[in-house]
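With mmCIF, C-alpha atoms inside, this is final-v4.cif:
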data_query
#
loop_
_atom_site.label_atom_id
_atom_site.label_comp_id
_atom_site.auth_asym_id
_atom_site.auth_seq_id
_atom_site.Cartn_x
_atom_site.Cartn_y
_atom_site.Cartn_z
CA MET A 1023 -17.16 27.23 -24.45
CA THR A 1024 -14.35 25.65 -22.51
CA PRO A 1025 -12.80 27.92 -19.86
CA SER A 1026 -9.06 28.44 -19.65
CA SER A 1027 -7.03 26.45 -17.13
CA PRO A 1028 -6.63 28.02 -13.67
CA PRO A 1029 -3.27 29.78 -13.27
CA ASP A 1030 -2.00 27.70 -10.35
CA ARG A 1031 -2.73 24.31 -11.90
CA PRO A 1032 -0.25 22.59 -14.21
CA SER A 1033 -1.19 22.89 -17.89
CA THR A 1034 -1.99 19.26 -18.57
CA PRO A 1035 -5.17 17.88 -20.11
CA PRO A 1036 -7.93 17.06 -17.63
CA ALA A 1037 -8.23 13.38 -16.84
CA THR A 1038 -10.12 11.19 -14.47
CA THR A 1039 -8.42 10.65 -11.14
CA ALA A 1040 -7.05 7.14 -10.78
CA THR A 1041 -8.38 4.60 -8.39
CA ALA A 1042 -6.43 2.98 -5.61
CA THR A 1043 -7.50 -0.59 -6.18
CA PRO A 1044 -7.03 -2.97 -9.09
CA THR A 1045 -10.77 -3.07 -9.80
CA ALA A 1046 -10.71 -0.21 -12.31
CA THR A 1047 -11.17 -0.74 -16.02
CA THR A 1048 -10.63 1.70 -18.86
CA THR A 1049 -13.44 2.52 -21.26
CA ALA A 1050 -13.01 3.25 -24.95
CA GLY A 1051 -13.06 6.96 -24.19
CA GLY A 1052 -10.19 6.61 -21.75
CA GLU A 1053 -12.31 7.04 -18.60
CA VAL A 1054 -11.39 4.92 -15.60
CA ARG A 1055 -14.47 3.03 -14.42
CA ARG A 1056 -14.36 1.77 -10.86
CA SER A 1057 -16.22 -1.38 -9.96
CA ILE A 1058 -19.33 -1.04 -7.82
CA PRO A 1059 -18.15 -3.58 -5.19
CA GLY A 1060 -14.84 -1.73 -5.04
CA ASN A 1061 -16.67 1.54 -4.37
CA VAL A 1062 -18.67 -0.10 -1.58
CA VAL A 1063 -15.37 -1.13 0.01
CA ARG A 1064 -14.01 2.41 -0.39
CA GLY A 1065 -17.12 3.79 1.30
CA ALA A 1066 -16.77 1.27 4.11
CA LEU A 1067 -13.17 2.36 4.70
CA ILE A 1068 -14.28 5.99 4.89
CA GLY A 1069 -17.09 5.08 7.28
CA VAL A 1070 -14.75 3.09 9.54
CA VAL A 1071 -12.21 5.87 9.95
CA GLU A 1072 -14.93 8.47 10.53
CA THR A 1073 -15.59 6.69 13.85
CA VAL A 1074 -11.96 7.22 14.90
CA PRO A 1075 -10.91 10.48 16.59
CA GLY A 1076 -7.97 11.97 14.70
CA VAL A 1077 -8.39 10.14 11.39
CA SER A 1078 -10.15 11.89 8.51
CA GLY A 1079 -12.52 10.25 6.05
CA GLY A 1080 -11.31 12.82 3.53
CA THR A 1081 -7.81 11.39 3.89
CA VAL A 1082 -9.07 7.93 2.96
CA ALA A 1083 -11.02 9.37 0.02
CA LEU A 1084 -7.77 10.89 -1.22
CA VAL A 1085 -5.81 7.67 -0.73
CA VAL A 1086 -8.35 5.50 -2.59
CA GLY A 1087 -8.64 8.02 -5.42
CA ILE A 1088 -12.24 9.26 -5.21
CA TYR A 1089 -11.88 12.58 -3.36
CA ASP A 1090 -12.34 14.88 -6.36
CA GLU A 1091 -15.31 12.89 -7.68
CA LEU A 1092 -17.05 13.01 -4.29
CA ILE A 1093 -16.55 16.78 -3.90
CA ASN A 1094 -17.72 17.52 -7.45
CA SER A 1095 -20.70 15.18 -7.12
CA ALA A 1096 -21.75 16.79 -3.84
CA GLY A 1097 -21.41 20.18 -5.50
CA HIS A 1098 -23.72 19.17 -8.33
CA VAL A 1099 -26.29 17.79 -5.86
CA VAL A 1100 -26.25 21.13 -4.03
CA SER A 1101 -26.56 23.00 -7.35
CA ALA A 1102 -29.51 20.80 -8.34
CA GLY A 1103 -31.28 21.64 -5.10
CA LYS A 1104 -30.59 25.34 -5.61
CA ARG A 1105 -31.99 25.26 -9.16
CA ALA A 1106 -35.05 23.34 -7.96
CA LEU A 1107 -35.79 26.04 -5.38
CA LEU A 1108 -34.73 29.22 -7.15
CA GLY A 1109 -34.67 28.45 -10.86
CA PRO A 1110 -34.41 29.44 -13.62
CA ASP A 1111 -35.35 26.49 -15.83
CA ARG A 1112 -35.89 24.30 -12.78
CA SER A 1113 -36.49 21.00 -14.56
CA ALA A 1114 -33.66 21.36 -17.09
CA GLY A 1115 -31.25 22.67 -14.45
CA VAL A 1116 -31.95 19.83 -12.03
CA ARG A 1117 -31.55 17.22 -14.77
CA HIS A 1118 -28.29 18.80 -15.91
CA HIS A 1119 -26.67 18.85 -12.48
CA LEU A 1120 -27.92 15.42 -11.41
CA GLY A 1121 -26.61 14.06 -14.70
CA ARG A 1122 -23.14 15.30 -13.74
CA VAL A 1123 -23.10 13.36 -10.45
CA HIS A 1124 -20.83 10.29 -10.41
CA TRP A 1125 -23.67 8.02 -9.28
CA ARG A 1126 -21.61 4.88 -9.96
CA ILE A 1127 -19.23 6.10 -7.25
CA VAL A 1128 -21.51 8.05 -4.91
CA VAL A 1129 -24.27 5.47 -4.32
CA PRO A 1130 -21.98 2.50 -3.52
CA VAL A 1131 -19.74 4.72 -1.37
CA VAL A 1132 -22.72 5.96 0.66
CA ILE A 1133 -23.98 2.39 1.10
CA GLY A 1134 -20.55 1.27 2.27
CA MET A 1135 -20.23 4.20 4.66
CA VAL A 1136 -23.63 3.67 6.27
CA ALA A 1137 -23.07 -0.08 6.61
CA ALA A 1138 -19.66 0.46 8.19
CA LEU A 1139 -20.95 3.12 10.60
CA LEU A 1140 -23.80 0.90 11.78
CA THR A 1141 -21.57 -2.13 12.33
CA VAL A 1142 -18.27 -0.59 13.45
CA ALA A 1143 -19.29 2.32 15.68
CA GLY A 1144 -19.73 0.19 18.80
CA PRO A 1145 -16.58 -1.98 18.49
CA MET A 1146 -14.43 0.98 17.41
CA SER A 1147 -15.57 3.02 20.38
CA HIS A 1148 -14.64 0.09 22.61
CA LEU A 1149 -11.16 -0.28 21.08
CA VAL A 1150 -10.42 3.43 21.36
CA GLU A 1151 -11.51 3.40 25.01
CA GLU A 1152 -9.72 0.18 26.00
CA TYR A 1153 -6.49 0.61 24.00
CA PRO A 1154 -6.13 4.36 23.46
CA VAL A 1155 -2.33 4.46 23.19
CA THR A 1156 -2.00 1.57 20.74
CA MET A 1157 -4.90 2.78 18.60
CA ARG A 1158 -3.48 6.29 18.41
CA ALA A 1159 -0.11 4.84 17.39
CA LEU A 1160 -1.75 2.75 14.66
CA PHE A 1161 -3.63 5.73 13.23
CA PHE A 1162 -0.58 7.98 13.59
CA GLY A 1163 1.30 5.66 11.24
CA MET A 1164 -1.61 5.55 8.78
CA VAL A 1165 -2.02 9.33 8.57
CA LEU A 1166 1.75 9.91 8.41
CA ALA A 1167 2.03 7.60 5.41
CA SER A 1168 -0.91 9.39 3.75
CA VAL A 1169 0.63 12.87 3.91
CA GLY A 1170 2.33 12.40 0.55
CA VAL A 1171 -0.98 11.87 -1.26
CA PRO A 1172 -2.23 15.49 -1.47
CA LEU A 1173 1.38 16.65 -1.94
CA ARG A 1174 1.66 14.38 -4.97
CA LEU A 1175 -1.70 15.56 -6.30
CA ALA A 1176 -0.50 19.18 -6.04
CA GLY A 1177 2.06 18.42 -8.74
CA GLY A 1178 5.34 20.15 -9.52
CA ALA A 1179 8.36 20.99 -7.39
CA LEU A 1180 7.89 22.38 -3.86
CA ARG A 1181 8.83 26.07 -3.78
CA ILE A 1182 9.38 28.38 -0.80
CA ARG A 1183 5.87 29.84 -1.18
CA ASP A 1184 4.42 26.32 -1.30
CA ALA A 1185 6.30 25.36 1.88
CA ALA A 1186 4.87 28.45 3.57
CA VAL A 1187 1.31 27.36 2.69
CA VAL A 1188 1.97 23.88 4.10
CA ALA A 1189 3.52 25.32 7.28
CA LEU A 1190 0.67 27.78 7.87
CA ALA A 1191 -2.01 25.09 7.42
CA ALA A 1192 -0.07 22.74 9.70
CA ALA A 1193 0.17 25.41 12.41
CA ILE A 1194 -3.58 26.13 12.23
CA ALA A 1195 -4.44 22.43 12.46
CA PHE A 1196 -1.98 21.94 15.35
CA VAL A 1197 -3.64 24.72 17.35
CA LEU A 1198 -7.16 23.45 16.62
CA VAL A 1199 -6.41 19.89 17.72
CA SER A 1200 -4.68 21.11 20.88
CA ILE A 1201 -7.97 22.39 22.34
CA PRO A 1202 -8.84 20.34 25.46
CA PRO A 1203 -12.01 18.21 25.20
CA THR A 1204 -15.20 19.28 26.93
CA THR A 1205 -18.35 17.53 28.11
CA VAL A 1206 -21.73 19.04 27.28
CA ALA A 1207 -25.35 17.94 27.26
CA PRO A 1208 -26.51 16.97 23.75
CA ALA A 1209 -29.09 19.76 23.29
CA PRO A 1210 -30.90 19.71 19.89
CA LEU A 1211 -29.39 22.99 18.63
CA LEU A 1212 -25.91 21.89 19.70
CA ILE A 1213 -26.31 18.57 17.86
CA VAL A 1214 -27.22 20.40 14.64
CA LEU A 1215 -24.34 22.88 14.97
CA ALA A 1216 -21.87 20.12 15.87
CA ALA A 1217 -22.88 18.12 12.81
CA MET A 1218 -22.39 21.18 10.60
CA VAL A 1219 -18.84 21.51 11.92
CA ALA A 1220 -18.09 17.79 11.79
CA VAL A 1221 -19.15 17.42 8.14
CA SER A 1222 -16.39 19.86 7.17
CA ALA A 1223 -13.91 17.31 8.50
CA LEU A 1224 -15.43 14.62 6.29
CA LEU A 1225 -14.65 16.87 3.32
CA LEU A 1226 -11.21 18.07 4.45
CA PRO A 1227 -8.36 15.54 4.64
CA GLY A 1228 -6.45 16.01 7.88
CA LEU A 1229 -9.43 17.08 9.99
CA SER A 1230 -11.34 14.33 11.76
CA GLY A 1231 -15.07 14.65 12.29
CA SER A 1232 -14.89 12.31 15.27
CA PHE A 1233 -12.09 14.42 16.75
CA LEU A 1234 -14.15 17.60 16.43
CA LEU A 1235 -17.08 15.85 18.08
CA LEU A 1236 -14.72 14.74 20.86
CA THR A 1237 -13.55 18.33 21.30
CA ILE A 1238 -17.14 19.58 21.50
CA GLY A 1239 -18.09 16.77 23.87
CA LEU A 1240 -20.49 14.86 21.62
CA TYR A 1241 -18.28 11.97 20.48
CA GLN A 1242 -19.61 9.32 22.88
CA PRO A 1243 -23.27 10.46 22.62
CA THR A 1244 -23.05 10.30 18.82
CA LEU A 1245 -21.48 6.84 18.72
CA ARG A 1246 -24.03 5.65 21.27
CA ALA A 1247 -26.87 7.05 19.13
CA VAL A 1248 -25.54 5.21 16.07
CA ASP A 1249 -25.05 1.96 18.00
CA GLU A 1250 -28.53 2.15 19.57
CA LEU A 1251 -30.25 3.63 16.48
CA ASP A 1252 -31.50 6.69 18.38
CA LEU A 1253 -33.54 8.13 15.51
CA GLY A 1254 -34.28 11.43 17.27
CA TYR A 1255 -30.60 12.21 17.81
CA LEU A 1256 -29.60 10.91 14.38
CA SER A 1257 -32.29 12.98 12.62
CA LEU A 1258 -30.94 16.17 14.19
CA PHE A 1259 -27.37 15.14 13.34
CA PHE A 1260 -28.17 14.41 9.69
CA LEU A 1261 -30.05 17.72 9.42
CA GLY A 1262 -26.93 19.56 10.61
CA ALA A 1263 -24.72 17.53 8.29
CA ALA A 1264 -26.93 18.39 5.30
CA LEU A 1265 -26.88 22.10 6.16
CA GLY A 1266 -23.11 22.03 6.59
CA MET A 1267 -22.69 20.22 3.30
CA VAL A 1268 -24.62 22.92 1.45
CA VAL A 1269 -22.48 25.68 2.95
CA ILE A 1270 -19.07 24.00 2.66
CA VAL A 1271 -19.08 21.79 -0.41
CA LYS A 1272 -19.50 24.57 -2.99
CA GLY A 1273 -16.57 26.47 -1.52
CA LEU A 1274 -14.39 23.36 -1.67
CA GLN A 1275 -15.46 22.63 -5.21
CA TRP A 1276 -14.55 26.17 -6.27
CA LEU A 1277 -11.14 25.91 -4.60
CA LEU A 1278 -10.40 22.58 -6.28
CA ASP A 1279 -11.47 23.95 -9.65
CA HIS A 1280 -9.63 27.28 -9.50
CA HIS A 1281 -6.79 26.82 -6.97
CA HIS A 1282 -6.13 23.10 -7.05
CA ARG A 1283 -2.41 23.24 -6.23
CA VAL A 1284 -2.73 25.65 -3.30
CA THR A 1285 -5.70 23.66 -1.94
CA MET A 1286 -3.76 20.39 -2.04
CA LEU A 1287 -0.77 22.03 -0.36
CA ALA A 1288 -3.06 23.35 2.39
CA LEU A 1289 -4.57 19.88 2.84
CA THR A 1290 -1.04 18.50 3.23
CA GLY A 1291 -0.42 20.97 6.03
CA LEU A 1292 -3.73 20.14 7.72
CA MET A 1293 -2.80 16.46 7.78
CA LEU A 1294 0.64 17.20 9.24
CA GLY A 1295 -0.72 19.47 11.97
CA ALA A 1296 -3.50 17.04 12.84
CA LEU A 1297 -0.91 14.37 13.65
CA ARG A 1298 -0.58 16.09 17.02
CA THR A 1299 -3.84 14.59 18.21
CA LEU A 1300 -2.65 11.06 17.32
CA TRP A 1301 0.58 11.21 19.31
CA PRO A 1302 0.29 7.99 21.36
CA TRP A 1303 1.49 9.39 24.70
CA GLN A 1304 -0.74 12.18 25.98
CA LEU A 1305 -2.98 13.01 28.92
CA GLU A 1306 -6.76 13.40 28.79
CA ASP A 1307 -6.35 17.17 28.50
CA ARG A 1308 -4.10 16.50 25.44
CA THR A 1309 -0.84 17.41 27.13
CA LEU A 1310 1.88 15.63 25.15
CA LEU A 1311 4.26 13.25 26.92
CA ALA A 1312 7.56 11.59 26.00
CA PRO A 1313 7.50 7.91 24.92
CA GLU A 1314 7.31 5.59 27.93
CA GLY A 1315 6.57 2.03 28.96
CA ASP A 1316 6.20 -0.46 26.14
CA TRP A 1317 7.06 2.17 23.52
CA TRP A 1318 8.23 -0.51 21.11
CA VAL A 1319 4.69 -1.91 20.90
CA GLN A 1320 3.40 1.49 19.83
CA LEU A 1321 6.26 1.77 17.35
CA LEU A 1322 5.22 -1.54 15.82
CA ALA A 1323 1.59 -0.39 15.70
CA ALA A 1324 2.59 2.82 13.92
CA ALA A 1325 4.74 0.83 11.49
CA ALA A 1326 1.80 -1.47 10.77
CA GLY A 1327 -0.39 1.55 10.03
CA CYS A 1328 2.25 2.88 7.63
CA VAL A 1329 2.48 -0.47 5.86
CA VAL A 1330 -1.30 -0.64 5.31
CA VAL A 1331 -1.43 2.78 3.66
CA LEU A 1332 1.78 2.28 1.67
CA ALA A 1333 0.34 -0.99 0.35
CA LEU A 1334 -2.77 0.89 -0.83
CA LEU A 1335 -0.59 3.48 -2.52
CA ALA A 1336 1.51 0.77 -4.18
CA VAL A 1337 -1.65 -0.83 -5.59
CA ASP A 1338 -2.71 2.62 -6.78
CA ALA A 1339 0.60 3.11 -8.61
CA ARG A 1340 0.41 -0.31 -10.28
CA THR A 1341 -3.18 0.29 -11.37
CA ARG A 1342 -2.33 3.67 -12.88
CA ALA A 1343 0.65 2.20 -14.71
CA ARG A 1344 -1.43 -0.69 -16.11
CA THR A 1345 -4.33 1.48 -17.27
CA GLY A 1346 -2.11 4.27 -18.60
CA HIS A 1347 -3.60 6.79 -16.17
CA GLY A 1348 -0.51 8.00 -14.34
CA SER A 1349 0.88 11.41 -13.60
CA PRO A 1350 -1.37 13.46 -15.96
CA GLU A 1351 -4.42 13.14 -13.75
CA GLU A 1352 -2.33 13.67 -10.62
CA LEU A 1353 -1.21 16.98 -12.07
CA ALA A 1354 -4.57 17.88 -13.56
CA GLY A 1355 -6.56 17.06 -10.42
CA VAL A 1356 -10.28 17.59 -10.76
CA GLU A 1357 -11.88 18.05 -14.14
CA SER A 1358 -12.07 21.82 -14.23
CA GLY A 1359 -13.51 22.48 -17.67
CA ASP A 1360 -17.13 21.44 -17.38
CA ASP A 1361 -17.33 22.19 -13.68
CA ALA A 1362 -16.14 25.78 -14.17
CA ALA A 1363 -18.73 26.14 -16.91
CA ASP A 1364 -21.39 24.87 -14.51
CA GLY A 1365 -20.30 27.47 -11.98
CA ALA A 1366 -20.75 30.16 -14.61
CA ARG A 1367 -24.35 29.05 -15.06
#
Could you spell out this file's structure in structure tokens?
Amino acid sequence: MTPSSPPDRPSTPPATTATATPTATTTAGGEVRRSIPGNVVRGALIGVVETVPGVSGGTVALVVGIYDELINSAGHVVSAGKRALLGPDRSAGVRHHLGRVHWRIVVPVVIGMVAALLTVAGPMSHLVEEYPVTMRALFFGMVLASVGVPLRLAGGALRIRDAAVVALAAAIAFVLVSIPPTTVAPAPLLIVLAAMVAVSALLLPGLSGSFLLLTIGLYQPTLRAVDELDLGYLSLFFLGAALGMVVIVKGLQWLLDHHHRVTMLALTGLMLGALRTLWPWQLEDRTLLAPEGDWWVQLLAAAAGCVVVLALLAVDARTRARTGHGSPEELAGVESGDDAADGAR
């Protein structure tokens, strides 16, 4: 039985979300199939920005067109684990949920992310430390140009109630990213808890996992552990990330399935509010300053960041137009039918 469409989502047929690169092909059934090398590149992009305070991997997942697939796939992995532990029909339930995972997307993306993290963590940490103002300006431009992505995916005209949702989410994000950074010893329990918090930023566009680690005081220790392959630290971190994924991903999947428009509007607000942390001119305690010095260099860096993201979005638009997968899937968002049925099970 196919469930009815959620009330806050436009009444258009479900469709597969379009990709952001010209490597997609359309199958006979109308499904957009993304190339495996292209998905590795998408994962690498997500991994790179996850090393940057203030830039969200979830934002990149939205821009390159795989956000919904990643959330739904993670939800099915969590459901498979739950069925394996609690039943009923353990074997059939696990096979069902694992069969719903977009493995063609998930596996290459994970490979790309891990490869990027292992190779980029050290150099990226160096760039952020040596050129903090210019790097913040570059990422400010990238995130600013990305704000329109979740707003477009929300679909429909922006009403007063919608603007209120965006404003409230922006205010919450602004307050969160205004918290001064701290320095703490990387105790085992703190590492696990920090990873649980940071993984939420990987799933939520606008919130940066690296920024949250910086706020907690574990940004440099974590990058150092990745660069030096500190397996003890990394094991604790991945344990926390896995626990956080189990708690958070099902809630996100439910929101995307049942309140897609409101969720996308809230994500738009989170991205806008999080821009505060990327303002180029600020003190170490995050006090904002007026533009000074070679401000024109930072302006050029921000413009370059905007151009990079706008180029990705332009490729996305051309790909959707060529494959015939345009506005319907932007309005439909995630595929709610089967996923809502899975939730009922």
Exercise for review: Evaluate the PyMOL selection byres ((chain A and resi 1115) around 12) on the structure here and hand back the selected residues as a ChimeraX atom specification.
Suggested key: /A:1098-1114,1116-1122,1364,1367
Point to revise | Atomic distance CA of Ala1323 (chain A) - CA of Thr1156 (chain A), expressed in Å with one decimal | key: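 Atom-to-atom, CA of Ala1323 (chain A) to CA of Thr1156 (chain A), that is 6.5 Å.
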Residues of region 1138-1221 of chain A within 7 Å of region 1273-1290 of chain A: nearest atom pair and distance (Å, one decimal) for each, counting all atoms listed in the file, sorted by chain and number, as CSV?
residue,atom,partner,partner_atom,distance
A:Val1169,CA,A:Thr1290,CA,5.9
A:Pro1172,CA,A:Met1286,CA,5.2
A:Leu1173,CA,A:Thr1290,CA,6.0
A:Leu1175,CA,A:Met1286,CA,6.8
A:Ala1176,CA,A:Arg1283,CA,4.5
A:Asp1184,CA,A:Leu1287,CA,6.8
A:Val1187,CA,A:Ala1288,CA,5.9
A:Val1188,CA,A:Ala1288,CA,5.3
A:Ala1191,CA,A:Ala1288,CA,5.4
Point to revise | Top pick for closest residue to Gly1262 (chain A), considering A:Ala1247, A:Leu1211, A:Ile1201, A:Leu1297 and counting only C-alpha atoms | key: A:Leu1211
Point to revise | Neighbour list for Met1164 (chain A) as a PyMOL selection string, cut-off 9 Å, all atoms listed in the file, skip fewer than 4 positions in-chain | key: chain A and resi 1077+1159-1160+1168+1324-1332
Check your understanding: Quick one: distance from CA of Pro1208 (chain A) to CA of Asp1252 (chain A) in Å, one decimal?
Key -> 12.6 Å
Check your understanding: What's the 8 Å shell around Asn1094 (chain A), counting only C-alpha atoms, without same-chain residues fewer than 2 positions away, as a PyMOL selection string?
Key -> chain A and resi 1090-1092+1096-1098+1123+1275+1361
Restricted to C-alpha atoms, what would the selected residues look like written as a PDB file, in the frame of the given file?
ATOM      1  CA  ASP A1090     -12.340  14.880  -6.360  1.00  0.00           C
ATOM      2  CA  GLU A1091     -15.310  12.890  -7.680  1.00  0.00           C
ATOM      3  CA  LEU A1092     -17.050  13.010  -4.290  1.00  0.00           C
ATOM      4  CA  ALA A1096     -21.750  16.790  -3.840  1.00  0.00           C
ATOM      5  CA  GLY A1097     -21.410  20.180  -5.500  1.00  0.00           C
ATOM      6  CA  HIS A1098     -23.720  19.170  -8.330  1.00  0.00           C
ATOM      7  CA  VAL A1123     -23.100  13.360 -10.450  1.00  0.00           C
ATOM      8  CA  GLN A1275     -15.460  22.630  -5.210  1.00  0.00           C
ATOM      9  CA  ASP A1361     -17.330  22.190 -13.680  1.00  0.00           C
TER      10      ASP A1361
END
Check your understanding: Of the candidates A:Val1142, A:Leu1310, A:Ala1264, A:Val1269, which one gets nearest to Val1199 (chain A) if we count all atoms listed in the file?
Key ->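 That would be A:Leu1310, the residue with the smallest distance to Val1199 (chain A).
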Practice item. To one decimal in Å, tell me the separation between CA of Gly1080 (chain A) and CA of Gly1134 (chain A). Key: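 We find that CA of Gly1080 (chain A) and CA of Gly1134 (chain A) lie 14.8 Å from each other.
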Practice item. Starting from the displayed file, determine the output of the PyMOL selection byres ((chain A and resi 1138) around 12) and express the residue list as JSON, numbers by chain. Key: {"A": [1062, 1063, 1064, 1065, 1066, 1067, 1068, 1069, 1070, 1071, 1072, 1073, 1131, 1132, 1133, 1134, 1135, 1136, 1137, 1139, 1140, 1141, 1142, 1143, 1144, 1145, 1146, 1248, 1249]}
Check your understanding: Between A:Leu1245, A:Leu1180, A:Val1085, A:Leu1305, which has the minimum distance to Ala1167 (chain A) (counting all atoms listed in the file)?
Key ->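 Checking each of A:Leu1245, A:Leu1180, A:Val1085, A:Leu1305 against Ala1167 (chain A), counting all atoms listed in the file, the winner is A:Val1085.
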Exercise for review: Rank nothing, just name the residue among A:Leu1294, A:Ala1263, A:Ile1127, A:Ala1193 nearest to Tyr1089 (chain A), using all atoms listed in the file.
Suggested key: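 When distances to Tyr1089 (chain A) are compared using all atoms listed in the file, the smallest one comes from A:Ile1127.
Put simply, the PyMOL selection byres ((chain A and resi 1303) around 12) on this file hits Tyr1153, Pro1154, Val1155, Thr1156, Met1157, Arg1158, Ala1159, Phe1162, Arg1298, Thr1299, Leu1300, Trp1301, Pro1302, Gln1304, Leu1305, Glu1306, Asp1307, Arg1308, Thr1309, Leu1310, Leu1311, Ala1312, Pro1313, Glu1314, Gly1315, Asp1316, Trp1317, Gln1320 and Leu1321 of chain A.
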Review point. At most 7 Å from (-1.0, 17.6, 11.1), file frame, only C-alpha atoms: which residues, as a list in words?
Key: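 The distance filter leaves exactly Ala1192, Ala1195, Phe1196, Gly1228, Gly1291, Leu1292, Met1293, Leu1294, Gly1295, Ala1296, Leu1297 and Arg1298 of chain A.
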Using the file's own x, y and z axes, so that the box edges lie along x, y and z, what centre and edge lengths in Å (one decimal) does a box around every listed atom of region 1085-1090 of chain A get when 5 Å is added on each side? Give it as lines of an AutoDock Vina configuration file.
center_x = -9.1
center_y = 10.2
center_z = -3.5
size_x = 16.5
size_y = 19.4
size_z = 15.6
